[in-house]
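Shown here: target-v6.csv, CSV, C-alpha atoms and all ligand atoms.
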chain,number,residue,atom,x,y,z
A,22,MET,CA,0.0,0.0,0.0
A,23,PRO,CA,1.5,3.4,-0.9
A,24,PRO,CA,2.1,5.7,2.0
A,25,LYS,CA,-0.7,8.1,2.7
A,26,LEU,CA,0.1,11.7,1.5
A,27,ASN,CA,0.2,14.4,4.1
A,28,LYS,CA,-2.6,16.7,3.2
A,29,GLY,CA,-3.4,18.4,6.5
A,30,PRO,CA,-5.1,20.1,8.0
A,31,CYS,CA,-2.8,21.1,10.8
A,32,ASN,CA,-3.9,19.6,14.2
A,33,VAL,CA,-2.5,22.5,16.2
A,34,ARG,CA,-5.3,24.4,17.8
A,35,ASP,CA,-6.3,27.6,16.0
A,36,CYS,CA,-3.7,27.1,13.4
A,37,ASN,CA,-4.5,29.1,10.3
A,38,ASN,CA,-1.1,29.0,8.6
A,39,ASN,CA,-1.6,29.0,4.8
A,40,THR,CA,0.6,26.3,3.4
A,41,SER,CA,0.5,23.3,1.2
A,42,HIS,CA,3.3,21.4,3.1
A,43,TYR,CA,2.2,19.1,5.9
A,44,TYR,CA,4.1,16.6,7.9
A,45,LYS,CA,3.1,13.6,9.9
A,46,PHE,CA,3.7,13.8,13.7
A,47,THR,CA,5.5,10.5,13.8
A,48,GLU,CA,6.5,8.5,16.9
A,49,ASN,CA,10.1,9.8,16.2
A,50,ALA,CA,8.9,13.4,15.9
A,51,PHE,CA,7.0,12.9,19.1
A,52,GLN,CA,10.1,11.7,20.9
A,53,LYS,CA,12.1,14.7,19.6
A,54,SER,CA,9.5,17.2,20.7
A,55,LYS,CA,9.6,15.6,24.2
A,56,GLU,CA,13.4,15.8,24.3
A,57,LYS,CA,13.3,19.4,23.1
A,58,ASN,CA,10.6,20.3,25.7
A,59,THR,CA,8.3,21.7,23.0
A,60,PHE,CA,5.6,18.9,23.5
A,61,ASP,CA,4.4,20.4,26.8
A,62,ASN,CA,2.8,23.3,24.9
A,63,TYR,CA,1.1,20.9,22.4
A,64,ASN,CA,0.4,17.9,24.6
A,65,TYR,CA,-3.0,17.4,23.0
A,66,LEU,CA,-1.3,16.1,19.8
A,67,SER,CA,-1.4,12.4,19.0
A,68,ILE,CA,1.0,10.3,16.9
A,69,ASN,CA,0.1,10.5,13.2
A,70,ASP,CA,-1.5,13.9,13.5
A,71,GLN,CA,-0.8,16.4,10.7
A,72,LEU,CA,1.3,19.5,11.2
A,73,CYS,CA,1.8,22.4,8.9
A,74,ASP,CA,5.4,23.2,8.1
A,75,THR,CA,5.6,26.1,10.5
A,76,HIS,CA,4.3,24.1,13.4
A,77,TYR,CA,6.5,21.1,12.5
A,78,LEU,CA,9.5,23.4,12.7
A,79,ILE,CA,8.3,24.9,16.0
A,80,ILE,CA,7.5,21.6,17.6
A,81,VAL,CA,9.9,19.1,16.1
A,82,GLU,CA,12.9,21.2,14.9
A,83,PRO,CA,13.1,24.1,17.3
A,84,ASP,CA,16.9,24.1,17.4
A,85,ARG,CA,17.3,24.0,13.6
A,86,HIS,CA,19.0,27.4,13.6
A,87,ASN,CA,21.6,26.3,16.1
A,88,LYS,CA,22.3,23.3,14.0
A,89,ARG,CA,22.6,25.3,10.8
A,90,LYS,CA,25.0,27.8,12.4
A,91,SER,CA,27.7,25.1,12.6
A,92,VAL,CA,27.5,24.5,8.8
A,93,ASP,CA,26.8,28.0,7.8
A,94,PHE,CA,28.0,28.2,4.2
A,95,GLU,CA,29.6,31.5,4.8
A,96,ASP,CA,32.3,29.9,7.0
A,97,LYS,CA,32.5,26.8,5.0
A,98,LYS,CA,35.4,25.7,2.9
A,99,ILE,CA,35.1,23.4,-0.1
A,100,SER,CA,36.9,20.6,1.8
A,101,ASP,CA,34.4,20.8,4.6
A,102,ILE,CA,31.6,20.4,2.1
A,103,PHE,CA,33.1,17.1,0.9
A,104,THR,CA,33.7,15.9,4.4
A,105,ASN,CA,30.2,16.7,5.2
A,106,SER,CA,28.8,14.7,2.2
A,107,GLU,CA,30.6,11.7,3.6
A,108,GLU,CA,29.0,12.3,6.9
A,109,ILE,CA,25.6,12.4,5.1
A,110,ASP,CA,26.4,9.1,3.4
A,111,ASN,CA,27.1,7.5,6.8
A,112,GLU,CA,23.9,9.0,8.2
A,113,TRP,CA,21.9,7.4,5.4
A,114,LYS,CA,23.5,4.0,6.0
A,115,ASN,CA,22.2,4.0,9.5
A,116,ILE,CA,18.6,4.6,8.4
A,117,TYR,CA,17.0,1.2,8.3
A,118,ASP,CA,13.7,2.1,9.9
A,119,PHE,CA,11.0,3.4,7.5
A,120,THR,CA,9.6,6.0,9.9
A,121,LYS,CA,13.1,7.3,10.5
A,122,LEU,CA,13.5,7.5,6.7
A,123,ILE,CA,10.4,9.6,6.4
A,124,ASP,CA,11.5,11.8,9.3
A,125,ARG,CA,14.9,12.3,7.6
A,126,ILE,CA,13.2,13.2,4.3
A,127,ASN,CA,11.0,15.7,6.2
A,128,GLN,CA,14.1,17.1,7.8
A,129,LEU,CA,16.0,17.5,4.6
A,130,GLU,CA,13.0,19.1,2.9
A,131,LEU,CA,12.8,21.6,5.7
A,132,GLN,CA,16.5,22.1,5.5
A,133,ILE,CA,16.2,22.8,1.7
A,134,LYS,CA,13.5,25.3,2.5
A,135,THR,CA,15.5,27.0,5.2
A,136,ASN,CA,18.6,27.1,3.0
A,137,GLN,CA,16.6,28.6,0.1
A,138,GLU,CA,15.3,31.3,2.5
A,139,LEU,CA,18.9,32.0,3.5
A,140,ILE,CA,20.1,32.2,-0.1
A,141,ASN,CA,17.3,34.6,-1.0
A,142,LYS,CA,18.3,36.7,2.0
A,143,GLN,CA,22.0,36.6,1.0
A,144,ASN,CA,21.1,37.6,-2.6
A,145,LEU,CA,19.1,40.5,-1.2
A,146,ASN,CA,21.9,41.5,1.0
A,147,ILE,CA,24.4,41.4,-1.9
A,148,SER,CA,22.2,43.5,-4.0
A,149,ASN,CA,21.7,46.0,-1.2
A,150,LEU,CA,25.3,46.1,-0.3
A,151,GLY,CA,26.3,49.6,0.7
A,152,LEU,CA,23.4,51.2,-1.1
A,153,THR,CA,21.5,53.9,0.6
A,154,PHE,CA,17.9,54.9,-0.1
A,155,GLU,CA,19.3,57.9,-2.0
A,156,ASN,CA,21.5,55.7,-4.1
A,157,LYS,CA,18.6,53.5,-5.0
A,158,LEU,CA,16.4,56.4,-5.9
A,159,ASP,CA,19.2,57.6,-8.1
A,160,ILE,CA,19.3,54.3,-9.9
A,161,LEU,CA,15.5,54.1,-10.2
A,162,SER,CA,15.5,57.6,-11.6
A,163,LYS,CA,18.0,56.6,-14.3
A,164,VAL,CA,16.2,53.4,-15.1
A,165,LEU,CA,12.9,55.1,-15.5
A,166,PHE,CA,14.4,57.9,-17.4
A,167,LYS,CA,15.9,55.4,-19.8
A,168,GLU,CA,12.6,53.5,-20.1
A,169,GLN,CA,10.6,56.6,-20.8
A,170,ARG,CA,12.8,58.9,-22.8
A,171,LYS,CA,15.3,56.7,-24.5
A,172,LEU,CA,13.5,53.4,-25.1
A,173,ASN,CA,10.2,55.3,-25.6
A,174,HIS,CA,8.4,52.7,-23.6
A,175,SER,CA,5.1,53.7,-22.1
A,176,ILE,CA,4.7,53.9,-18.3
A,177,GLU,CA,4.2,50.5,-16.7
A,178,LEU,CA,1.3,50.6,-14.3
A,179,ASP,CA,1.0,46.9,-13.4
A,180,PRO,CA,2.8,46.6,-10.0
A,181,ASN,CA,4.2,43.2,-10.6
A,182,LYS,CA,5.5,44.1,-14.1
A,183,PHE,CA,6.8,47.4,-12.8
A,184,SER,CA,8.8,45.6,-10.1
A,185,GLU,CA,10.1,43.1,-12.6
A,186,LEU,CA,11.0,45.8,-15.0
A,187,ILE,CA,13.1,47.9,-12.6
A,188,THR,CA,14.8,44.8,-11.1
A,189,GLN,CA,15.7,43.5,-14.6
A,190,SER,CA,17.0,46.9,-15.6
A,191,ASN,CA,19.2,47.0,-12.6
A,192,PHE,CA,19.5,44.1,-10.1
A,193,GLN,CA,20.4,46.6,-7.4
A,194,LEU,CA,16.8,47.5,-7.3
A,195,ASN,CA,15.8,44.0,-6.2
A,196,GLY,CA,13.3,44.4,-3.4
A,197,PHE,CA,13.1,48.2,-3.7
A,198,PHE,CA,9.6,48.3,-4.9
A,199,ASP,CA,8.4,46.1,-2.1
A,200,ARG,CA,10.1,48.4,0.4
A,201,ILE,CA,8.3,51.4,-1.0
A,202,PHE,CA,5.1,49.5,-1.1
A,203,ASN,CA,5.4,48.3,2.5
A,204,ALA,CA,6.4,51.7,3.7
A,205,LEU,CA,3.2,53.2,2.1
A,206,SER,CA,0.8,50.4,2.9
A,207,PRO,CA,0.4,49.2,6.5
A,208,ARG,CA,0.2,45.4,6.7
A,209,TYR,CA,-3.1,45.5,8.7
A,210,ARG,CA,-5.0,46.8,5.6
A,211,ASN,CA,-7.1,44.3,3.8
A,212,TYR,CA,-6.1,42.5,0.7
A,213,GLN,CA,-8.0,44.6,-1.8
A,214,THR,CA,-6.9,47.9,-0.2
A,215,ARG,CA,-3.3,46.7,-0.4
A,216,GLU,CA,-3.7,45.7,-4.0
A,217,ASN,CA,-4.8,49.2,-4.7
A,218,ASP,CA,-1.9,50.5,-2.6
A,219,LYS,CA,0.4,48.7,-4.9
A,220,LYS,CA,-0.8,50.7,-7.8
A,221,SER,CA,-0.2,53.9,-5.8
A,222,ALA,CA,3.2,52.7,-4.9
A,223,VAL,CA,4.0,52.5,-8.6
A,224,GLY,CA,2.9,56.1,-8.9
A,225,PHE,CA,5.1,57.1,-6.0
A,226,CYS,CA,8.1,55.4,-7.5
A,227,TYR,CA,7.6,57.5,-10.7
A,228,LEU,CA,7.2,60.6,-8.6
A,229,LEU,CA,10.1,59.8,-6.3
A,230,ALA,CA,12.3,59.1,-9.3
A,231,GLY,CA,11.3,62.4,-10.9
A,232,ALA,CA,12.1,64.1,-7.6
A,233,GLN,CA,15.7,63.2,-8.1
A,234,ASN,CA,16.2,65.5,-11.0
A,235,LYS,CA,15.4,69.1,-11.9
A,236,PHE,CA,12.1,68.2,-13.3
A,237,ALA,CA,10.8,67.3,-9.9
A,238,ASN,CA,8.3,70.1,-9.7
A,239,GLU,CA,7.0,69.4,-13.1
A,240,LEU,CA,7.0,65.7,-13.3
A,241,LYS,CA,3.2,65.3,-13.4
A,242,ILE,CA,3.0,67.9,-16.2
A,243,GLU,CA,6.0,66.4,-18.0
A,244,ILE,CA,4.6,63.0,-18.0
A,245,GLY,CA,1.2,64.3,-19.0
A,246,LEU,CA,2.7,66.1,-21.9
A,247,TYR,CA,4.7,63.1,-22.8
A,248,LEU,CA,1.6,61.0,-22.8
A,249,LEU,CA,-0.3,63.5,-24.8
A,250,ALA,CA,2.5,63.5,-27.4
A,251,SER,CA,2.5,59.7,-27.5
A,252,GLY,CA,-1.2,59.8,-28.5
A,253,CYS,CA,-2.9,59.1,-25.2
A,254,ASN,CA,-6.4,60.4,-25.0
A,255,SER,CA,-7.8,62.6,-22.2
A,256,SER,CA,-9.5,59.8,-20.3
A,257,ALA,CA,-6.2,57.8,-20.2
A,258,ILE,CA,-4.4,60.8,-18.9
A,259,ASP,CA,-7.1,61.4,-16.3
A,260,THR,CA,-6.8,57.8,-15.2
A,261,LEU,CA,-3.1,58.3,-14.6
A,262,ALA,CA,-3.9,61.6,-12.9
A,263,ASN,CA,-6.0,59.7,-10.5
A,264,LEU,CA,-3.0,57.5,-9.8
A,265,GLY,CA,-1.0,60.6,-9.0
A,266,ILE,CA,1.4,60.1,-11.8
A,267,SER,CA,0.3,62.7,-14.3
A,268,ALA,CA,-1.4,66.1,-14.2
A,269,CYS,CA,-5.0,65.9,-15.4
A,270,TYR,CA,-5.8,66.5,-19.0
A,271,LYS,CA,-7.2,70.0,-18.5
A,272,THR,CA,-4.0,71.1,-16.6
A,273,ILE,CA,-1.8,69.8,-19.4
A,274,ASP,CA,-3.9,71.4,-22.1
A,275,ASP,CA,-3.8,74.8,-20.3
A,276,TYR,CA,0.0,74.4,-19.8
A,277,LYS,CA,0.4,73.6,-23.5
A,278,LYS,CA,-1.6,76.6,-24.5
A,279,LYS,CA,0.5,78.8,-22.3
A,280,ASN,CA,3.9,77.4,-23.2
A,281,GLY,CA,3.4,76.3,-26.7
A,282,LYS,CA,4.7,73.0,-28.0
A,283,ARG,CA,8.1,72.0,-26.8
A,284,ALA,CA,10.1,68.8,-27.0
A,285,PHE,CA,10.7,68.7,-23.3
A,286,TYR,CA,12.6,65.4,-23.5
A,287,LYS,CA,15.4,67.1,-25.4
A,288,ASN,CA,16.2,69.1,-22.2
A,289,PHE,CA,17.5,66.0,-20.5
B,301,ZN,ZN,-0.2,24.6,12.0
Can you dump the structure from the file as structure tokens?
Amino acid sequence: MPPKLNKGPCNVRDCNNNTSHYYKFTENAFQKSKEKNTFDNYNYLSINDQLCDTHYLIIVEPDRHNKRKSVDFEDKKISDIFTNSEEIDNEWKNIYDFTKLIDRINQLELQIKTNQELINKQNLNISNLGLTFENKLDILSKVLFKEQRKLNHSIELDPNKFSELITQSNFQLNGFFDRIFNALSPRYRNYQTRENDKKSAVGFCYLLAGAQNKFANELKIEIGLYLLASGCNSSAIDTLANLGISACYKTIDDYKKKNGKRAFYKNF
């Protein structure tokens, strides 16, 4: 009979962790949680109960960070990695019990997940190395300038695409959009509000980028003029005006009448 898949739900009281990864609270896991004194807080659990990944970590692997420290790849030499793989070989040789095997697989799965998180963090740290907010704003300003004025691309209003666009243009902007968004949108807001906040965050990025150069005060008008010159109609411009990116159509129209036609992008 094939082993039953772990499909949850998590047996921890009031658990509402959103995950697709569940683990069985095996006899071995139970022993571990007793050894590590975590079982006391969850003593209503029984063997073979389901645990979400978060609770599995809390209950069965509470000391995983301590363990990982000793093999932190930052301090690790290549030779250590090879020695370690021998150790892993030996470890596997000693696994004869099926439950232990499952536990070991669970452990490794969690380890992979934790390592992946660590790698993501490291990448983010590398990309953020020594860069201040001002530096990043400067980079953003250049990226968006290039996008709009040199590549003649239209403004990207989709938050996900915008974030991807700036990160791909310059990897040092990795995570920058999320920081702006999180700074502008408190986490307690509901999902829909935050989705709308994301769109505003895109607008703020454009405005912040514009604030870096001498067109700061005129950014809304400049973008509006640019949109008008690119053939956008009044309702499209007013939509962008609502997002705080452009001046409204009427303002731009008045401005144009006053100042006449001018190829503003040549001033850059
Ligand atoms: Zn849970």
Shell around Ile80 of chain A at 8 Å using all atoms listed in the file, local window under 5 positions removed, as number ranges by chain: A: 54, 59-60
Interatomic distance (Å, one decimal) between atom CA of Asn181 of chain A and atom CA of Gly252 of chain A: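 Taking atom CA of Asn181 of chain A and atom CA of Gly252 of chain A, their separation equals 25.0 Å.
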Could you please give me, as a list of chain:residue names, the residues of protein, DNA or RNA lying at most 12 Å from (22.6, 53.3, -6.3) in the coordinate frame of the file, considering only C-alpha atoms? A:Ser148, A:Asn149, A:Leu150, A:Gly151, A:Leu152, A:Thr153, A:Phe154, A:Glu155, A:Asn156, A:Lys157, A:Leu158, A:Asp159, A:Ile160, A:Leu161, A:Ser162, A:Lys163, A:Val164, A:Asn191, A:Phe192, A:Gln193, A:Leu194, A:Asn195, A:Phe197
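Proximity of A:Ile176, A:Leu228, A:Leu26, A:Leu165 to Cys253 of chain A, computed with all atoms listed in the file, is greatest for A:Ile176.
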Rounded to one decimal, what separation in Å do you get between atom CA of Gly224 of chain A and atom CA of Ala250 of chain A?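 Answer for the atom CA of Gly224 of chain A to atom CA of Ala250 of chain A separation: 19.9 Å.
Across the structure, atom CA of Lys134 of chain A and atom CA of Asp35 of chain A are spaced 24.1 Å apart.
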Could you produce a table of the residues of chain A lying within 6 Å of ligand ZN 301 (chain B), with the nearest pair of atoms per residue and their separation in Å rounded to one decimal, using all atoms listed in the file, ordered by chain and increasing residue number, as JSON lines?
{"residue": "A:Cys31", "atom": "CA", "partner": "B:ZN301", "partner_atom": "ZN", "distance": 4.5}
{"residue": "A:Val33", "atom": "CA", "partner": "B:ZN301", "partner_atom": "ZN", "distance": 5.2}
{"residue": "A:Cys36", "atom": "CA", "partner": "B:ZN301", "partner_atom": "ZN", "distance": 4.5}
{"residue": "A:Asn38", "atom": "CA", "partner": "B:ZN301", "partner_atom": "ZN", "distance": 5.6}
{"residue": "A:Leu72", "atom": "CA", "partner": "B:ZN301", "partner_atom": "ZN", "distance": 5.4}
{"residue": "A:Cys73", "atom": "CA", "partner": "B:ZN301", "partner_atom": "ZN", "distance": 4.3}
{"residue": "A:His76", "atom": "CA", "partner": "B:ZN301", "partner_atom": "ZN", "distance": 4.7}
From A:Asp199, A:Asn27, A:Phe183, A:Ile242, residue lying nearest Ile123 of chain A [all atoms listed in the file]: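 The shortest atom-to-atom distance to Ile123 of chain A comes from A:Asn27.
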At most 9 Å is the cut-off: for each residue in segment 178-237 of chain A with any atom that close to an atom of segment 259-267 of chain A, write down the nearest atom pair and the distance in Å rounded to one decimal, counting only C-alpha atoms, chain first then increasing number, as a Markdown table.
| residue | atom | partner | partner_atom | distance |
| --- | --- | --- | --- | --- |
| A:Leu178 | CA | A:Leu261 | CA | 8.9 |
| A:Lys220 | CA | A:Leu264 | CA | 7.4 |
| A:Ser221 | CA | A:Leu264 | CA | 6.1 |
| A:Val223 | CA | A:Ile266 | CA | 8.6 |
| A:Gly224 | CA | A:Ile266 | CA | 5.2 |
| A:Phe225 | CA | A:Ile266 | CA | 7.5 |
| A:Tyr227 | CA | A:Ile266 | CA | 6.8 |
| A:Leu228 | CA | A:Ile266 | CA | 6.6 |
Find the residue from A:Val81, A:Leu186, A:Leu229, A:Leu246 that sits nearest to Lys277 of chain A; use only C-alpha atoms when measuring.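 Looking only at the distances to Lys277 of chain A, the closest residue turns out to be A:Leu246.
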